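Heads up, the thing below is written out as structure tokens.
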Amino acid sequence: MSDIHIDGLTKQFDDVTAVDDISLDIDSGEFLVFVGPSGCGKSTTLRMIAGLESITSGELRIGERRVNELAPKERSIAMVFQNYALYPHMTGAENMKFGMKSVSDYTDDEIDERVREAAEILDIPELLERKPKELSGGERQRVAIGRAIVREPDVFLLDEPLSNLDAKLRVQMRAELLQLHREIDATTLYVTHDQTEAMTLGDRVAVLNDGQIEQVDPPQVLYDYPATRFVAEFIGSPAMNVVPIELHGDGDGVSARHEAFDLPLPDAGDLAGHSGGASLGVRPEDVSLARNVDGERWTFEAEVSVTEPLGESLLLHCLIGDDEIHVKAEARSEINAGDVIELGVDEERLHVFDESGDAIYHSSPRERTAEDVETRAEH
């Protein structure tokens, strides 16, 4: 396995900048996920690392080598694509072997042994003699992954490999990919638009937007301390509630003022001199019925417009003034559209963003918990 150093990586297609001057260091053995909306540049970044797209500017190093001009087969990488890219006329074993001679000096017997070992790891020995048309989507995906790992790459690249699978199989395959990562011990880069995949798989997650990296952090830090409004609203389902506010400072501290509330912000002295617009962010699970909140300082009224039973909870769409927020209530709460309810917020889970979208305040300082966050993979 190898570390990866990305410095100022840029990709332009004519007048369009798909990847805009990104820099990132990826540790050897790390599982890093690129996540973001369609067109944000995540797949293009992966393809530049793979050598499938040329680099307009910047430097890419895998281990100690600069690889900008190296062909894909010289980079010690293996890639799994969204569409599997299996040859329909070849068996599973033949697909896994394909190209091995061009990237290694293995003998036929050694290649056969590596295919058998990969098939055992992926639990697909019985699929080796079948052709792709005889395989399910999940089985084809396993063969495609097997084709990648037989090469023993230093870097393992996966471009939305689970997007064609049904929901149940995606959950199963996520667990299998984590186990596979531990077994093959390769630096792994994974691209997805699915934030659940990003949060469950990555040691760290890099959130991309418009060709730039908004934030890179372990999943829980990313969720608890979004660096920008974009990250706050992209990570989490339902998304973080973000409403416009005015910050008001006086001798008693700083408060967030909205037509529906005036909430004090704990330890927000640094915001006292802030000028310009701002937004308050709070996640749906951090808003609750006021009876579940200690004290009255963080409560306000809202009108329920829609209720969505989710099984484990009841999602409320509520209006506060002209703004809508989402609230996760207890599953069997007797609340209906049209009800006016009193809500409270967790004062330790408030976030403020400035006009540019940058986070300027978290009511629970990151230093309080970030040191407790550990990566889950054992390298």
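For the structure tokens, the naming scheme is as follows: chains receive sequential letters (A, B, ...) according to their order of presentation, residues are indexed from 1 within each chain, and ligands are indexed from 1 in presentation order.
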Practice problem: Show which residues sit within 9 Å of Gly36 of chain A, as a list in words. Count only C-alpha atoms, and ignore same-chain residues fewer than 6 positions away. | Solution: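 Answer for this query is Lys42, Val191, Thr192, His193, Asp194, Gln195, Ala206, Val207, Leu208, Asn209 and Phe234 of chain A.
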Export, as a PDB file, in the first residue's frame, the selected residues with C-alpha atoms.
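Saved to again.pdb:
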```pdb
ATOM      1  CA  LYS A  42     -15.351  13.428  -7.689  1.00  0.00           C
ATOM      2  CA  VAL A 191     -16.453   7.728  -4.997  1.00  0.00           C
ATOM      3  CA  THR A 192     -20.152   7.979  -4.236  1.00  0.00           C
ATOM      4  CA  HIS A 193     -23.056  10.436  -4.278  1.00  0.00           C
ATOM      5  CA  ASP A 194     -24.674   8.448  -1.448  1.00  0.00           C
ATOM      6  CA  GLN A 195     -23.918  10.072   1.890  1.00  0.00           C
ATOM      7  CA  ALA A 206     -13.942  14.488   1.456  1.00  0.00           C
ATOM      8  CA  VAL A 207     -16.993  16.535   0.470  1.00  0.00           C
ATOM      9  CA  LEU A 208     -16.688  18.070  -3.011  1.00  0.00           C
ATOM     10  CA  ASN A 209     -18.720  20.884  -4.516  1.00  0.00           C
ATOM     11  CA  PHE A 234     -25.502  17.817   2.157  1.00  0.00           C
TER      12      PHE A 234
END
```
Which parts of segment 134-201 of chain A does DSSP call strand (DSSP E or B) when run on the backbone here, written out as a JSON list (two decimals) with N, CA and C atoms, in the first residue's frame?
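Saved file result08.json follows:
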```json
[["chain", "number", "residue", "atom", "x", "y", "z"],
["A", 155, "VAL", "N", -2.99, 0.87, -4.57],
["A", 155, "VAL", "CA", -4.14, 1.76, -4.43],
["A", 155, "VAL", "C", -5.34, 1.12, -5.12],
["A", 156, "PHE", "N", -6.45, 1.09, -4.39],
["A", 156, "PHE", "CA", -7.68, 0.47, -4.84],
["A", 156, "PHE", "C", -8.70, 1.58, -5.06],
["A", 157, "LEU", "N", -9.20, 1.73, -6.29],
["A", 157, "LEU", "CA", -10.11, 2.81, -6.65],
["A", 157, "LEU", "C", -11.49, 2.25, -6.99],
["A", 158, "LEU", "N", -12.53, 2.81, -6.40],
["A", 158, "LEU", "CA", -13.89, 2.35, -6.66],
["A", 158, "LEU", "C", -14.78, 3.53, -7.00],
["A", 159, "ASP", "N", -15.38, 3.49, -8.19],
["A", 159, "ASP", "CA", -16.20, 4.59, -8.68],
["A", 159, "ASP", "C", -17.67, 4.19, -8.65],
["A", 187, "THR", "N", -4.51, 1.05, 0.21],
["A", 187, "THR", "CA", -5.07, 2.40, 0.27],
["A", 187, "THR", "C", -6.28, 2.42, -0.66],
["A", 188, "THR", "N", -7.43, 2.85, -0.15],
["A", 188, "THR", "CA", -8.67, 2.74, -0.92],
["A", 188, "THR", "C", -9.32, 4.11, -1.06],
["A", 189, "LEU", "N", -9.64, 4.46, -2.31],
["A", 189, "LEU", "CA", -10.39, 5.69, -2.61],
["A", 189, "LEU", "C", -11.71, 5.29, -3.23],
["A", 190, "TYR", "N", -12.77, 5.85, -2.70],
["A", 190, "TYR", "CA", -14.12, 5.42, -3.05],
["A", 190, "TYR", "C", -14.95, 6.65, -3.41],
["A", 191, "VAL", "N", -15.61, 6.61, -4.55],
["A", 191, "VAL", "CA", -16.45, 7.73, -5.00],
["A", 191, "VAL", "C", -17.91, 7.34, -4.89],
["A", 192, "THR", "N", -18.72, 8.22, -4.32],
["A", 192, "THR", "CA", -20.15, 7.98, -4.24],
["A", 192, "THR", "C", -20.90, 9.30, -4.14]]
```
Taking only residues of segment 55-125 of chain A that have an atom at most 12 Å from an atom of segment 133-144 of chain A, what is each one's shortest atom pair and its distance in Å to one decimal, using only C-alpha atoms, in chain and number order, as a Markdown table?
```
| residue | atom | partner | partner_atom | distance |
| --- | --- | --- | --- | --- |
| A:Ala78 | CA | A:Ala144 | CA | 10.4 |
| A:Met79 | CA | A:Ala144 | CA | 9.0 |
| A:Val80 | CA | A:Ala144 | CA | 6.3 |
| A:Phe81 | CA | A:Ala144 | CA | 8.1 |
| A:Gln82 | CA | A:Gln141 | CA | 8.9 |
| A:Asn83 | CA | A:Gln141 | CA | 8.7 |
| A:Tyr84 | CA | A:Ala144 | CA | 5.6 |
| A:Ala85 | CA | A:Ala144 | CA | 7.5 |
| A:Leu86 | CA | A:Ala144 | CA | 6.9 |
| A:Tyr87 | CA | A:Lys133 | CA | 10.0 |
| A:Pro88 | CA | A:Lys133 | CA | 6.9 |
| A:His89 | CA | A:Lys133 | CA | 9.1 |
| A:Met90 | CA | A:Lys133 | CA | 10.1 |
| A:Thr91 | CA | A:Glu134 | CA | 9.6 |
| A:Gly92 | CA | A:Val143 | CA | 6.1 |
| A:Ala93 | CA | A:Val143 | CA | 8.2 |
| A:Glu94 | CA | A:Val143 | CA | 10.1 |
| A:Asn95 | CA | A:Val143 | CA | 7.7 |
| A:Met96 | CA | A:Val143 | CA | 6.8 |
| A:Lys97 | CA | A:Val143 | CA | 10.6 |
| A:Phe98 | CA | A:Ala144 | CA | 11.0 |
| A:Val115 | CA | A:Val143 | CA | 10.1 |
| A:Arg116 | CA | A:Val143 | CA | 11.7 |
| A:Ala118 | CA | A:Val143 | CA | 9.3 |
| A:Ala119 | CA | A:Val143 | CA | 8.1 |
| A:Glu120 | CA | A:Arg142 | CA | 11.1 |
| A:Ile121 | CA | A:Arg142 | CA | 10.1 |
| A:Leu122 | CA | A:Arg142 | CA | 6.6 |
| A:Asp123 | CA | A:Arg142 | CA | 8.7 |
| A:Ile124 | CA | A:Arg142 | CA | 7.5 |
| A:Pro125 | CA | A:Val143 | CA | 10.0 |
```
Write to file, as a compact mmCIF listing (two decimals), in the first residue's frame, the residues of the selection just made, with N, CA and C atoms.
```
# COMPACT_ATOMS: atom_id res chain seq x y z
N ALA A 78 -5.69 -0.38 -9.08
CA ALA A 78 -6.75 -1.19 -9.70
C ALA A 78 -8.06 -0.47 -9.47
N MET A 79 -8.95 -0.52 -10.46
CA MET A 79 -10.17 0.28 -10.40
C MET A 79 -11.39 -0.58 -10.64
N VAL A 80 -12.44 -0.32 -9.88
CA VAL A 80 -13.74 -0.96 -10.07
C VAL A 80 -14.72 0.11 -10.51
N PHE A 81 -15.39 -0.15 -11.65
CA PHE A 81 -16.26 0.86 -12.25
C PHE A 81 -17.72 0.63 -11.87
N GLN A 82 -18.52 1.67 -12.08
CA GLN A 82 -19.95 1.61 -11.78
C GLN A 82 -20.65 0.54 -12.62
N ASN A 83 -20.23 0.36 -13.88
CA ASN A 83 -20.91 -0.57 -14.77
C ASN A 83 -20.23 -1.93 -14.84
N TYR A 84 -19.29 -2.19 -13.92
CA TYR A 84 -18.59 -3.47 -13.77
C TYR A 84 -17.58 -3.73 -14.89
N ALA A 85 -17.91 -3.38 -16.16
CA ALA A 85 -16.98 -3.52 -17.29
C ALA A 85 -16.45 -4.94 -17.43
N LEU A 86 -17.35 -5.92 -17.33
CA LEU A 86 -16.96 -7.32 -17.55
C LEU A 86 -17.15 -7.67 -19.02
N TYR A 87 -16.27 -8.53 -19.51
CA TYR A 87 -16.39 -9.00 -20.90
C TYR A 87 -17.44 -10.10 -20.96
N PRO A 88 -18.50 -9.91 -21.77
CA PRO A 88 -19.62 -10.85 -21.75
C PRO A 88 -19.27 -12.26 -22.24
N HIS A 89 -18.22 -12.37 -23.08
CA HIS A 89 -17.89 -13.68 -23.64
C HIS A 89 -16.91 -14.45 -22.75
N MET A 90 -16.48 -13.86 -21.65
CA MET A 90 -15.51 -14.51 -20.76
C MET A 90 -16.20 -15.00 -19.49
N THR A 91 -15.67 -16.06 -18.92
CA THR A 91 -16.15 -16.52 -17.62
C THR A 91 -15.66 -15.58 -16.52
N GLY A 92 -16.18 -15.80 -15.31
CA GLY A 92 -15.73 -15.00 -14.18
C GLY A 92 -14.23 -15.09 -13.99
N ALA A 93 -13.68 -16.31 -14.08
CA ALA A 93 -12.24 -16.50 -13.91
C ALA A 93 -11.46 -15.78 -15.00
N GLU A 94 -11.94 -15.89 -16.24
CA GLU A 94 -11.24 -15.25 -17.36
C GLU A 94 -11.28 -13.73 -17.22
N ASN A 95 -12.40 -13.18 -16.74
CA ASN A 95 -12.47 -11.74 -16.51
C ASN A 95 -11.49 -11.31 -15.44
N MET A 96 -11.37 -12.12 -14.38
CA MET A 96 -10.46 -11.76 -13.30
C MET A 96 -9.01 -11.84 -13.73
N LYS A 97 -8.70 -12.77 -14.64
CA LYS A 97 -7.32 -12.93 -15.11
C LYS A 97 -6.93 -11.89 -16.16
N PHE A 98 -7.94 -11.33 -16.83
CA PHE A 98 -7.66 -10.50 -18.00
C PHE A 98 -6.73 -9.35 -17.64
N VAL A 115 -6.34 -15.97 -8.49
CA VAL A 115 -7.78 -15.93 -8.77
C VAL A 115 -8.53 -16.78 -7.75
N ARG A 116 -8.00 -17.96 -7.44
CA ARG A 116 -8.65 -18.82 -6.44
C ARG A 116 -8.67 -18.14 -5.07
N ALA A 118 -8.59 -14.88 -4.43
CA ALA A 118 -9.53 -13.77 -4.46
C ALA A 118 -10.97 -14.28 -4.40
N ALA A 119 -11.23 -15.39 -5.10
CA ALA A 119 -12.58 -15.96 -5.10
C ALA A 119 -12.97 -16.44 -3.70
N GLU A 120 -12.01 -16.96 -2.96
CA GLU A 120 -12.30 -17.40 -1.58
C GLU A 120 -12.60 -16.21 -0.69
N ILE A 121 -11.81 -15.13 -0.84
CA ILE A 121 -12.05 -13.93 -0.04
C ILE A 121 -13.45 -13.38 -0.30
N LEU A 122 -13.87 -13.39 -1.57
CA LEU A 122 -15.15 -12.81 -1.96
C LEU A 122 -16.29 -13.83 -1.91
N ASP A 123 -15.97 -15.08 -1.56
CA ASP A 123 -16.97 -16.16 -1.48
C ASP A 123 -17.68 -16.37 -2.81
N ILE A 124 -16.88 -16.45 -3.90
CA ILE A 124 -17.47 -16.64 -5.22
C ILE A 124 -16.82 -17.78 -6.02
N PRO A 125 -16.26 -18.83 -5.38
CA PRO A 125 -15.64 -19.89 -6.17
C PRO A 125 -16.58 -20.50 -7.20
```
Self-check item: Within 9 Å of segment 212-222 of chain A using only C-alpha atoms, minus same-chain residues under 3 positions, as a PyMOL selection string
Solution: chain A and resi 18-24+40-41+198-209+225-228+230-232+235+366+369-370+373-375
Write a file of the just-selected residues containing C-alpha atoms, as a PDB file, in the first residue's frame.
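And here is the file that came out, result.pdb:
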```pdb
ATOM      1  CA  ALA A  18     -14.190  20.146 -13.539  1.00  0.00           C
ATOM      2  CA  VAL A  19     -11.619  19.930 -10.728  1.00  0.00           C
ATOM      3  CA  ASP A  20     -10.312  23.191  -9.350  1.00  0.00           C
ATOM      4  CA  ASP A  21      -6.929  23.239  -7.594  1.00  0.00           C
ATOM      5  CA  ILE A  22      -7.538  20.569  -4.947  1.00  0.00           C
ATOM      6  CA  SER A  23      -4.862  19.458  -2.499  1.00  0.00           C
ATOM      7  CA  LEU A  24      -5.088  16.432  -0.220  1.00  0.00           C
ATOM      8  CA  CYS A  40     -18.921  18.076  -8.479  1.00  0.00           C
ATOM      9  CA  GLY A  41     -15.696  16.525  -9.871  1.00  0.00           C
ATOM     10  CA  ALA A 198     -19.717   7.847   2.646  1.00  0.00           C
ATOM     11  CA  MET A 199     -20.451   7.965   6.367  1.00  0.00           C
ATOM     12  CA  THR A 200     -20.381   4.198   6.925  1.00  0.00           C
ATOM     13  CA  LEU A 201     -17.335   3.358   4.826  1.00  0.00           C
ATOM     14  CA  GLY A 202     -14.799   6.142   5.126  1.00  0.00           C
ATOM     15  CA  ASP A 203     -12.039   6.597   7.666  1.00  0.00           C
ATOM     16  CA  ARG A 204     -12.306  10.149   6.352  1.00  0.00           C
ATOM     17  CA  VAL A 205     -14.774  11.749   3.960  1.00  0.00           C
ATOM     18  CA  ALA A 206     -13.942  14.488   1.456  1.00  0.00           C
ATOM     19  CA  VAL A 207     -16.993  16.535   0.470  1.00  0.00           C
ATOM     20  CA  LEU A 208     -16.688  18.070  -3.011  1.00  0.00           C
ATOM     21  CA  ASN A 209     -18.720  20.884  -4.516  1.00  0.00           C
ATOM     22  CA  TYR A 225     -18.877  20.230  12.887  1.00  0.00           C
ATOM     23  CA  PRO A 226     -19.640  21.099   9.246  1.00  0.00           C
ATOM     24  CA  ALA A 227     -17.161  23.674   7.978  1.00  0.00           C
ATOM     25  CA  THR A 228     -19.654  25.189   5.530  1.00  0.00           C
ATOM     26  CA  PHE A 230     -23.070  23.236   1.967  1.00  0.00           C
ATOM     27  CA  VAL A 231     -21.592  20.405   4.047  1.00  0.00           C
ATOM     28  CA  ALA A 232     -24.219  20.931   6.750  1.00  0.00           C
ATOM     29  CA  ILE A 235     -24.500  15.480   4.988  1.00  0.00           C
ATOM     30  CA  ARG A 366     -14.989  20.841  18.333  1.00  0.00           C
ATOM     31  CA  THR A 369     -15.036  15.783  21.290  1.00  0.00           C
ATOM     32  CA  ALA A 370     -12.821  15.659  18.208  1.00  0.00           C
ATOM     33  CA  VAL A 373     -13.053  10.408  17.308  1.00  0.00           C
ATOM     34  CA  GLU A 374     -11.040   7.431  16.061  1.00  0.00           C
ATOM     35  CA  THR A 375     -10.842   5.944  12.605  1.00  0.00           C
TER      36      THR A 375
END
```
Quiz prompt | All residues 8 Å or closer to Ala186 of chain A, only C-alpha atoms, same chain fewer than 4 positions away omitted, as a list in words | solution =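 These residues fall inside the cut-off: Met1, Ser2, Ser28, Gly29, Glu30, Pro153, Asp154, Val155, Phe156 and His181 of chain A.
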Quiz prompt | Surrounding residues of Asp252 of chain A excluding itself and chain neighbours under 4 positions, 12 Å, only C-alpha atoms, as a list in words | solution =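 Contacts, in chain order: His248, Pro264, Leu265, Pro266, Asp267, Ala268, Gly269 and Ala272 of chain A.
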Practice problem: Would you list the contacts of Ile341 of chain A as a list in words, taking every protein, DNA or RNA residue within 9 Å and counting only C-alpha atoms, but skipping same-chain residues closer than 6 positions in sequence? | Solution: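 Once the adjacent positions are removed, what remains is Leu289, Ala290, Phe300, Glu301, Ala302, Glu303, Val304 and Ile335 of chain A.
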Quiz item: Can you tell me, as a PyMOL selection string, what residues are no more than 10 Å from segment 72-75 of chain A when counting only C-alpha atoms, ignoring any on the same chain fewer than 4 positions away?
Solution: chain A and resi 47-53+61-63+65-68+79+99+102-104+153-155
Residues of the last selection are to be written out with N, CA and C atoms, as a short mmCIF file (atom, residue, chain, number, x, y, z; two decimals), in the first residue's frame.
```cif
data_model
loop_
_atom_site.label_atom_id
_atom_site.label_comp_id
_atom_site.auth_asym_id
_atom_site.auth_seq_id
_atom_site.Cartn_x
_atom_site.Cartn_y
_atom_site.Cartn_z
N ARG A 47 -10.47 9.47 -11.72
CA ARG A 47 -9.94 9.07 -13.01
C ARG A 47 -8.56 9.68 -13.27
N MET A 48 -8.30 10.88 -12.75
CA MET A 48 -6.95 11.43 -12.86
C MET A 48 -5.96 10.62 -12.02
N ILE A 49 -6.38 10.19 -10.85
CA ILE A 49 -5.50 9.36 -10.02
C ILE A 49 -5.23 8.03 -10.71
N ALA A 50 -6.26 7.51 -11.39
CA ALA A 50 -6.10 6.24 -12.10
C ALA A 50 -5.27 6.37 -13.37
N GLY A 51 -5.14 7.58 -13.90
CA GLY A 51 -4.43 7.76 -15.17
C GLY A 51 -5.34 7.68 -16.37
N LEU A 52 -6.66 7.68 -16.14
CA LEU A 52 -7.63 7.60 -17.24
C LEU A 52 -8.01 8.99 -17.76
N GLU A 53 -7.66 10.02 -17.02
CA GLU A 53 -7.82 11.40 -17.47
C GLU A 53 -6.48 12.11 -17.28
N ARG A 61 1.29 12.31 -6.58
CA ARG A 61 2.32 11.36 -6.19
C ARG A 61 1.67 10.17 -5.51
N ILE A 62 2.07 8.98 -5.92
CA ILE A 62 1.65 7.74 -5.26
C ILE A 62 2.90 7.13 -4.66
N GLY A 63 2.94 7.08 -3.34
CA GLY A 63 4.18 6.71 -2.68
C GLY A 63 5.22 7.78 -2.94
N ARG A 65 6.62 8.27 -5.88
CA ARG A 65 6.72 8.55 -7.32
C ARG A 65 5.73 9.61 -7.77
N ARG A 66 6.21 10.53 -8.59
CA ARG A 66 5.31 11.43 -9.32
C ARG A 66 4.76 10.63 -10.49
N VAL A 67 3.42 10.61 -10.60
CA VAL A 67 2.82 9.72 -11.60
C VAL A 67 2.03 10.47 -12.66
N ASN A 68 2.16 11.79 -12.71
CA ASN A 68 1.36 12.58 -13.66
C ASN A 68 1.37 12.02 -15.07
N MET A 79 -8.95 -0.52 -10.46
CA MET A 79 -10.17 0.28 -10.40
C MET A 79 -11.39 -0.58 -10.64
N GLY A 99 -5.69 -9.19 -18.41
CA GLY A 99 -4.75 -8.10 -18.22
C GLY A 99 -3.65 -8.37 -17.22
N SER A 102 -0.10 -8.31 -18.51
CA SER A 102 0.45 -7.02 -18.93
C SER A 102 0.89 -6.15 -17.76
N VAL A 103 0.44 -6.50 -16.54
CA VAL A 103 0.79 -5.67 -15.38
C VAL A 103 1.66 -6.41 -14.38
N SER A 104 2.05 -7.64 -14.69
CA SER A 104 2.85 -8.41 -13.73
C SER A 104 3.67 -9.45 -14.46
N PRO A 153 -2.93 -4.37 -5.84
CA PRO A 153 -2.53 -2.98 -6.10
C PRO A 153 -2.13 -2.27 -4.81
N ASP A 154 -1.33 -1.23 -4.96
CA ASP A 154 -1.04 -0.36 -3.82
C ASP A 154 -2.23 0.54 -3.52
N VAL A 155 -2.99 0.87 -4.57
CA VAL A 155 -4.14 1.76 -4.43
C VAL A 155 -5.34 1.12 -5.12
#
```
Quiz prompt | Backbone DSSP call of helix (DSSP H, G or I) for segment 196-304 of chain A, listed as a PyMOL selection string | solution = chain A and resi 196-201+219-224+229-234+269-271+284-286+290-292
